Every structure is written in C-alpha cells, then in structure tokens.
file model26.cif (mmCIF, C-alpha atoms and all ligand atoms)
data_target
loop_
_atom_site.label_atom_id
_atom_site.label_comp_id
_atom_site.auth_asym_id
_atom_site.auth_seq_id
_atom_site.Cartn_x
_atom_site.Cartn_y
_atom_site.Cartn_z
CA MET Z 1 -123.91 -162.33 91.53
CA ASP Z 2 -125.32 -162.85 95.07
CA ASN Z 3 -122.04 -164.34 96.28
CA LEU Z 4 -120.10 -161.15 95.54
CA ARG Z 5 -119.44 -158.23 97.84
CA LEU Z 6 -118.81 -154.77 96.36
CA SER Z 7 -116.78 -152.29 98.41
CA PRO Z 8 -116.83 -148.73 97.01
CA LEU Z 9 -113.30 -147.50 96.26
CA ILE Z 10 -113.62 -144.36 94.10
CA SER Z 11 -116.81 -142.29 94.08
CA ALA Z 12 -118.58 -140.89 91.02
CA ASP Z 13 -117.67 -137.34 92.15
CA GLU Z 14 -113.98 -138.21 92.52
CA ILE Z 15 -113.99 -139.74 89.04
CA LYS Z 16 -115.72 -136.69 87.56
CA THR Z 17 -113.21 -134.25 89.09
CA ARG Z 18 -110.20 -136.29 87.98
CA VAL Z 19 -111.47 -136.88 84.44
CA LEU Z 20 -112.11 -133.14 84.00
CA LYS Z 21 -108.55 -132.44 85.16
CA ILE Z 22 -107.07 -134.95 82.68
CA GLY Z 23 -109.21 -133.44 79.91
CA GLU Z 24 -107.91 -129.96 80.76
CA SER Z 25 -104.28 -131.17 80.64
CA ILE Z 26 -104.87 -132.83 77.26
CA THR Z 27 -106.55 -129.65 75.98
CA ASP Z 28 -103.55 -127.57 77.11
CA LYS Z 29 -101.15 -129.95 75.39
CA TYR Z 30 -103.02 -130.20 72.08
CA ARG Z 31 -104.74 -126.81 71.81
CA GLY Z 32 -105.19 -125.93 68.13
CA LYS Z 33 -104.16 -129.40 66.99
CA GLU Z 34 -106.37 -132.22 65.79
CA LEU Z 35 -106.59 -135.44 67.78
CA VAL Z 36 -107.66 -139.02 67.22
CA VAL Z 37 -108.87 -140.46 70.51
CA VAL Z 38 -108.78 -144.27 70.52
CA GLY Z 39 -110.83 -146.13 73.12
CA VAL Z 40 -110.11 -149.72 74.06
CA LEU Z 41 -113.34 -151.72 74.15
CA LYS Z 42 -115.18 -152.58 76.09
CA GLY Z 43 -113.90 -151.38 79.46
CA SER Z 44 -112.93 -147.81 78.55
CA PHE Z 45 -116.24 -146.72 77.03
CA MET Z 46 -117.44 -144.72 80.04
CA PHE Z 47 -114.08 -143.07 80.78
CA PHE Z 48 -113.69 -142.44 77.05
CA SER Z 49 -117.06 -140.71 76.69
CA ASP Z 50 -116.52 -138.48 79.73
CA LEU Z 51 -112.92 -137.72 78.75
CA ILE Z 52 -113.65 -136.63 75.17
CA ARG Z 53 -116.35 -134.28 76.48
CA SER Z 54 -113.74 -132.60 78.66
CA ILE Z 55 -111.25 -132.13 75.80
CA ASP Z 56 -111.68 -128.80 74.06
CA THR Z 57 -109.97 -129.23 70.70
CA ASP Z 58 -110.99 -130.80 67.37
CA LEU Z 59 -111.01 -134.58 67.62
CA THR Z 60 -112.25 -137.74 66.00
CA CYS Z 61 -112.98 -141.03 67.78
CA ASP Z 62 -111.96 -144.56 66.97
CA PHE Z 63 -111.94 -147.85 68.84
CA CYS Z 64 -110.00 -151.03 69.08
CA GLY Z 65 -110.73 -154.18 71.02
CA VAL Z 66 -108.53 -156.68 72.80
CA SER Z 67 -109.08 -159.70 74.94
CA SER Z 68 -106.77 -161.12 77.58
CA TYR Z 69 -108.92 -161.78 80.62
CA THR Z 70 -110.76 -164.88 81.76
CA GLU Z 71 -112.95 -164.04 84.78
CA MET Z 72 -110.55 -162.32 87.22
CA GLN Z 73 -107.18 -163.35 85.76
CA SER Z 74 -105.08 -162.10 82.88
CA THR Z 75 -104.19 -164.96 80.52
CA GLY Z 76 -100.96 -163.16 79.66
CA GLU Z 77 -101.81 -163.44 75.98
CA VAL Z 78 -103.26 -160.34 74.32
CA ARG Z 79 -105.37 -160.70 71.16
CA LEU Z 80 -106.67 -157.92 68.92
CA THR Z 81 -110.43 -158.43 68.45
CA LEU Z 82 -111.18 -155.12 66.71
CA ASP Z 83 -108.81 -152.87 64.76
CA LEU Z 84 -108.97 -149.14 64.00
CA SER Z 85 -111.38 -148.10 61.28
CA ARG Z 86 -109.18 -145.34 59.79
CA SER Z 87 -105.51 -144.57 59.29
CA ILE Z 88 -103.70 -142.76 62.12
CA ARG Z 89 -100.60 -142.01 60.05
CA ASP Z 90 -99.21 -138.54 60.93
CA ARG Z 91 -102.04 -137.92 63.42
CA HIS Z 92 -101.81 -137.06 67.11
CA VAL Z 93 -103.28 -140.09 68.87
CA ILE Z 94 -104.46 -140.59 72.45
CA LEU Z 95 -104.92 -144.19 73.49
CA VAL Z 96 -107.53 -144.52 76.26
CA GLU Z 97 -107.61 -147.58 78.55
CA ASP Z 98 -109.79 -148.34 81.55
CA ILE Z 99 -107.11 -150.00 83.66
CA VAL Z 100 -103.48 -151.05 83.46
CA ASP Z 101 -102.93 -154.22 85.46
CA THR Z 102 -100.00 -156.33 84.20
CA GLY Z 103 -99.26 -153.69 81.54
CA LEU Z 104 -99.30 -156.30 78.75
CA THR Z 105 -102.38 -154.92 76.98
CA MET Z 106 -101.24 -151.30 77.00
CA ASN Z 107 -97.78 -152.24 75.74
CA PHE Z 108 -99.29 -154.51 73.06
CA LEU Z 109 -101.58 -151.72 71.83
CA ARG Z 110 -98.83 -149.11 71.96
CA ARG Z 111 -96.67 -151.33 69.73
CA HIS Z 112 -99.63 -152.01 67.45
CA LEU Z 113 -100.44 -148.31 67.00
CA GLN Z 114 -96.78 -147.27 66.56
CA ILE Z 115 -96.59 -149.56 63.50
CA HIS Z 116 -99.09 -147.18 61.84
CA LYS Z 117 -96.74 -144.20 62.35
CA PRO Z 118 -98.82 -141.62 64.25
CA LYS Z 119 -97.31 -138.13 64.65
CA SER Z 120 -97.49 -138.62 68.42
CA LEU Z 121 -98.91 -141.25 70.74
CA THR Z 122 -100.14 -140.32 74.21
CA THR Z 123 -101.53 -142.85 76.67
CA ALA Z 124 -104.24 -142.39 79.29
CA SER Z 125 -105.59 -144.92 81.74
CA LEU Z 126 -108.26 -144.26 84.34
CA LEU Z 127 -106.74 -146.79 86.74
CA LEU Z 128 -103.29 -148.25 87.36
CA LYS Z 129 -102.39 -151.17 89.65
CA PRO Z 130 -98.66 -150.48 90.18
CA ASP Z 131 -98.15 -153.69 92.19
CA ALA Z 132 -99.53 -155.89 89.39
CA LEU Z 133 -97.23 -154.66 86.61
CA LYS Z 134 -95.34 -157.48 84.89
CA GLU Z 135 -93.45 -155.21 82.54
CA GLU Z 136 -92.54 -151.56 82.51
CA CYS Z 137 -95.44 -149.49 81.21
CA SER Z 138 -95.05 -145.74 80.99
CA LEU Z 139 -98.30 -143.77 80.93
CA ASP Z 140 -98.83 -140.08 80.20
CA TYR Z 141 -102.07 -139.73 82.19
CA VAL Z 142 -103.30 -141.88 85.07
CA GLY Z 143 -106.57 -141.19 86.87
CA PHE Z 144 -105.97 -143.19 90.05
CA LYS Z 145 -103.40 -145.66 91.35
CA ILE Z 146 -105.20 -148.49 93.13
CA PRO Z 147 -104.26 -151.61 95.15
CA ASN Z 148 -103.84 -154.96 93.41
CA ASP Z 149 -107.50 -156.01 93.82
CA PHE Z 150 -110.14 -156.76 91.22
CA VAL Z 151 -112.40 -153.76 90.60
CA VAL Z 152 -115.63 -153.16 88.72
CA GLY Z 153 -117.83 -150.24 87.71
CA TYR Z 154 -117.59 -147.17 85.46
CA GLY Z 155 -117.16 -149.47 82.46
CA LEU Z 156 -115.14 -152.24 84.13
CA ASP Z 157 -116.81 -155.62 84.43
CA TYR Z 158 -116.83 -158.96 86.16
CA GLN Z 159 -118.17 -161.57 83.72
CA GLY Z 160 -119.85 -158.79 81.76
CA TYR Z 161 -121.66 -157.33 84.78
CA PHE Z 162 -121.28 -154.11 86.82
CA ARG Z 163 -120.16 -151.91 83.91
CA ASN Z 164 -123.13 -149.64 84.68
CA LEU Z 165 -122.04 -148.71 88.21
CA PRO Z 166 -121.25 -144.96 88.28
CA TYR Z 167 -118.39 -145.57 90.75
CA ILE Z 168 -115.45 -147.99 91.12
CA ALA Z 169 -115.77 -150.82 93.64
CA GLN Z 170 -113.54 -153.66 94.81
CA VAL Z 171 -115.21 -157.00 94.32
CA SER Z 172 -114.69 -160.01 96.51
CA ASN Z 173 -116.20 -163.48 96.71
CA ILE Z 174 -118.02 -164.12 99.98
CA ASN Z 175 -118.36 -167.93 99.62
P1 LIG P 201 -103.39 -155.95 81.61
O1 LIG P 201 -103.03 -156.39 80.23
O2 LIG P 201 -103.10 -157.04 82.61
O3 LIG P 201 -102.77 -154.64 82.01
O4 LIG P 201 -104.93 -155.83 81.69
C1 LIG P 201 -105.66 -154.87 81.04
C2 LIG P 201 -107.10 -155.30 80.85
O5 LIG P 201 -107.52 -156.32 81.77
C3 LIG P 201 -107.97 -154.12 81.12
O6 LIG P 201 -108.21 -153.39 79.94
C4 LIG P 201 -109.25 -154.75 81.66
O7 LIG P 201 -110.10 -155.10 80.59
C5 LIG P 201 -108.78 -156.04 82.33
N1 LIG P 201 -108.64 -155.85 83.80
C6 LIG P 201 -107.49 -155.81 84.51
N2 LIG P 201 -107.72 -155.63 85.81
C7 LIG P 201 -109.07 -155.55 85.94
C8 LIG P 201 -109.94 -155.33 87.06
O8 LIG P 201 -109.54 -155.17 88.23
N3 LIG P 201 -111.28 -155.30 86.78
C9 LIG P 201 -111.77 -155.44 85.52
N4 LIG P 201 -110.99 -155.64 84.45
C10 LIG P 201 -109.64 -155.69 84.66
#
call {"tool": "encode", "arguments": {"input": "model26.cif", "output": "structure tokens"}}
result
Amino acid sequence: MDNLRLSPLISADEIKTRVLKIGESITDKYRGKELVVVGVLKGSFMFFSDLIRSIDTDLTCDFCGVSSYTEMQSTGEVRLTLDLSRSIRDRHVILVEDIVDTGLTMNFLRRHLQIHKPKSLTTASLLLKPDALKEECSLDYVGFKIPNDFVVGYGLDYQGYFRNLPYIAQVSNIN
C-alpha cells in the first residue's frame, strides 16, 4: 500500500454529526413503529453500527451482501452473495449502503427487497457520487455528496484495506 496517497475528505467529527442527524430524522419518521435495518456488507458495517445507535425506536438488524467491484472499478454486474436471514414481509425496512456510485447496486437491492413485499422501504447511503450515476437512483437519506473519486475509510476499502480508518479519504496511486 506504499504506492497509495490518502487525502482526507470527510473527518470523523463530520461523519458523527451527520450520522446523528440522519438517525434523528429516521427516529422522527418511524417513532412508535418497528424497523428492520438491513446493512449491505461489507462496506456499510461502520455506518450501520453508528446509525442504528442513533435511531431511537424498536428495531432488528439483518444483512445482505453483494459484489460488483474489482479493485477500483464497478464491473456493472451485481451479484447477491448473502441474502436476508428473516422475512421482511409487511415490515418497515431501511436499506443501509456505504456509497452509491453507479447506482446499480442500490437499485438491484431495492428491486430484490421489494419482491419480499415490505410495508415500506427507505434507503440510506452515507456517500453519493452524483457524477458517477449510470441510472436514476432515488435515495431517502444521503450523508454526503462527494466528487467522482475513489474513497476509503469508515468501512470502505481498497483491496480489503483501509476499512478501519475513522474518516473518509480519497485514494490515489502515486506511481
Ligand atoms: P455502485 O453499484 O456502482 O453504486 O457501487 C456500489 C458499491 O461499490 C458500494 O457498495 C461499494 O462497495 C463499491 N464502491 C463504489 N465506489 C467506491 C469507492 O469510492 N470506494 C470504495 N468502494 C466503492
């Protein structure tokens, strides 16, 4: 990883403030109702765990997994690698992603979850790259809109690394 340069883009404090705000909005919307919060592995695990702690209503957690990326490029083909463990039929569901880039993964998962007939489906993504979208992708909650650069940290990786950074950084190759 010596040939990579990391440039901090969003600090840990900025992330914390924004995640709390999203959690408050979700709490306001679902107060008194029960939620199923679905995290998309692996990238959303850090956002997911901070977000659920800022939501103040009864909830259960579930996860699904997808793959579409090779190194720094989307392959354009989304594959489900892990499915939900319990039925979401007639439940209020929040789908939690780390980042929406081309929009293909979020739209794939939205379609996949809708098949199981939830009572409602709300989407949240920590990051959105508006300039990278390949198809329309409407999101209910977005943490930050960022430029069309590859980023790591706070759960997001490059070749499996950097997920443990507490902040988001742009990564570039210096060779
Ligand atoms: P999309 O289908 O192109 O929107 O890509 C969504 C998935 O690609 C995300 O859940 C991430 O796993 C991965 N991804 C997209 N952009 C980045 C990035 O800048 N850094 C790390 N992973 C990314």
call {"tool": "residues_around", "arguments": {"input": "model26.cif", "residues": "stretch 33-45 of chain Z", "least_positions_apart": "2", "cutoff": "9 Å", "atoms": "all atoms listed in the file", "output": "MDAnalysis selection string"}}
result
chainID Z and resid 29:31 47:50 52 57:66 82 84 88 91:99 125:126 154:157 163
call {"tool": "atom_distance", "arguments": {"input": "model26.cif", "atom1": "atom CA of Z:Phe108", "atom2": "atom CA of Z:Leu128"}}
result
16.1 Å
call {"tool": "closest_residue", "arguments": {"input": "model26.cif", "among": "Z:Phe150, Z:Asp140, Z:Thr17, Z:Leu109", "to": "Z:Val78", "atoms": "all atoms listed in the file"}}
result
Z:Leu109
call {"tool": "closest_residue", "arguments": {"input": "model26.cif", "among": "Z:Asn3, Z:Ser54, Z:Asn164, Z:Ser67", "to": "Z:Asp28", "atoms": "all atoms listed in the file"}}
result
Z:Ser54
call {"tool": "closest_residue", "arguments": {"input": "model26.cif", "among": "Z:Met46, Z:Ile115, Z:Val171, Z:Val100", "to": "Z:Lys134", "atoms": "all atoms listed in the file"}}
result
Z:Val100
call {"tool": "residues_near_point", "arguments": {"input": "model26.cif", "point": "(-115.4, -141.4, 91.6)", "cutoff": "12 Å", "atoms": "all atoms listed in the file", "output": "NGL selection string"}}
result
:Z and (8-20 or 47 or 126-127 or 143-144 or 153-154 or 165-169)
call {"tool": "atom_distance", "arguments": {"input": "model26.cif", "atom1": "atom CA of Z:Met1", "atom2": "atom CA of Z:Ile174"}}
result
10.5 Å
call {"tool": "atom_distance", "arguments": {"input": "model26.cif", "atom1": "atom CA of Z:Arg5", "atom2": "atom CA of Z:Asn175"}}
result
9.9 Å
call {"tool": "residues_around", "arguments": {"input": "model26.cif", "residues": "Z:Gln170", "least_positions_apart": "5", "cutoff": "6 Å", "atoms": "only C-alpha atoms", "output": "MDAnalysis selection string"}}
result
chainID Z and resid 6:7 150:151
call {"tool": "axis_aligned_box", "arguments": {"input": "model26.cif", "around": "stretch 84-90 of chain Z", "padding_each_side": "4 Å", "output": "lines of an AutoDock Vina configuration file"}}
result
center_x = -105.3
center_y = -143.8
center_z = 61.6
size_x = 20.2
size_y = 18.6
size_z = 12.7
call {"tool": "closest_residue", "arguments": {"input": "model26.cif", "among": "Z:Leu4, Z:Leu121, Z:Leu133, Z:Val142", "to": "ligand LIG 201 (chain P)", "atoms": "all atoms listed in the file"}}
result
Z:Leu133
call {"tool": "closest_residue", "arguments": {"input": "model26.cif", "among": "Z:Asp83, Z:Asp2, Z:Asp101, Z:Glu77", "to": "Z:Leu113", "atoms": "all atoms listed in the file"}}
result
Z:Asp83
call {"tool": "closest_residue", "arguments": {"input": "model26.cif", "among": "Z:Ser68, Z:Thr81, Z:Phe162, Z:Arg86", "to": "Z:Thr102", "atoms": "only C-alpha atoms"}}
result
Z:Ser68
call {"tool": "decode", "arguments": {"input": "model26.cif", "residues": "stretch 60-98 of chain Z", "atoms": "C-alpha atoms", "output": "compact mmCIF listing (two decimals), in the first residue's frame"}}
result
# COMPACT_ATOMS: atom_id res chain seq x y z
CA THR Z 60 -33.97 -5.57 14.41
CA CYS Z 61 -30.87 -5.92 12.22
CA ASP Z 62 -30.23 -8.00 9.15
CA PHE Z 63 -27.59 -8.06 6.44
CA CYS Z 64 -27.19 -8.83 2.80
CA GLY Z 65 -24.08 -8.99 0.69
CA VAL Z 66 -23.35 -8.09 -2.91
CA SER Z 67 -20.31 -7.96 -5.09
CA SER Z 68 -19.75 -5.80 -8.14
CA TYR Z 69 -16.32 -4.25 -7.72
CA THR Z 70 -12.91 -5.37 -8.91
CA GLU Z 71 -10.22 -3.13 -7.39
CA MET Z 72 -11.38 0.42 -8.21
CA GLN Z 73 -13.94 -0.28 -10.95
CA SER Z 74 -17.54 -1.42 -10.94
CA THR Z 75 -17.99 -4.48 -13.16
CA GLY Z 76 -21.54 -3.35 -13.90
CA GLU Z 77 -22.81 -6.76 -12.85
CA VAL Z 78 -24.27 -7.05 -9.35
CA ARG Z 79 -24.38 -10.45 -7.62
CA LEU Z 80 -26.09 -11.33 -4.35
CA THR Z 81 -23.55 -13.08 -2.10
CA LEU Z 82 -25.62 -13.12 1.10
CA ASP Z 83 -29.41 -12.93 1.47
CA LEU Z 84 -31.57 -11.78 4.39
CA SER Z 85 -31.93 -14.23 7.25
CA ARG Z 86 -35.61 -13.46 8.02
CA SER Z 87 -38.75 -12.41 6.18
CA ILE Z 88 -39.35 -8.66 5.75
CA ARG Z 89 -42.94 -9.08 4.58
CA ASP Z 90 -45.14 -6.25 5.98
CA ARG Z 91 -42.19 -4.75 7.88
CA HIS Z 92 -40.78 -1.23 7.66
CA VAL Z 93 -37.32 -1.69 6.16
CA ILE Z 94 -34.34 0.66 5.95
CA LEU Z 95 -31.66 -0.37 3.49
CA VAL Z 96 -28.24 0.97 4.51
CA GLU Z 97 -25.42 1.33 1.95
CA ASP Z 98 -21.94 2.79 2.33
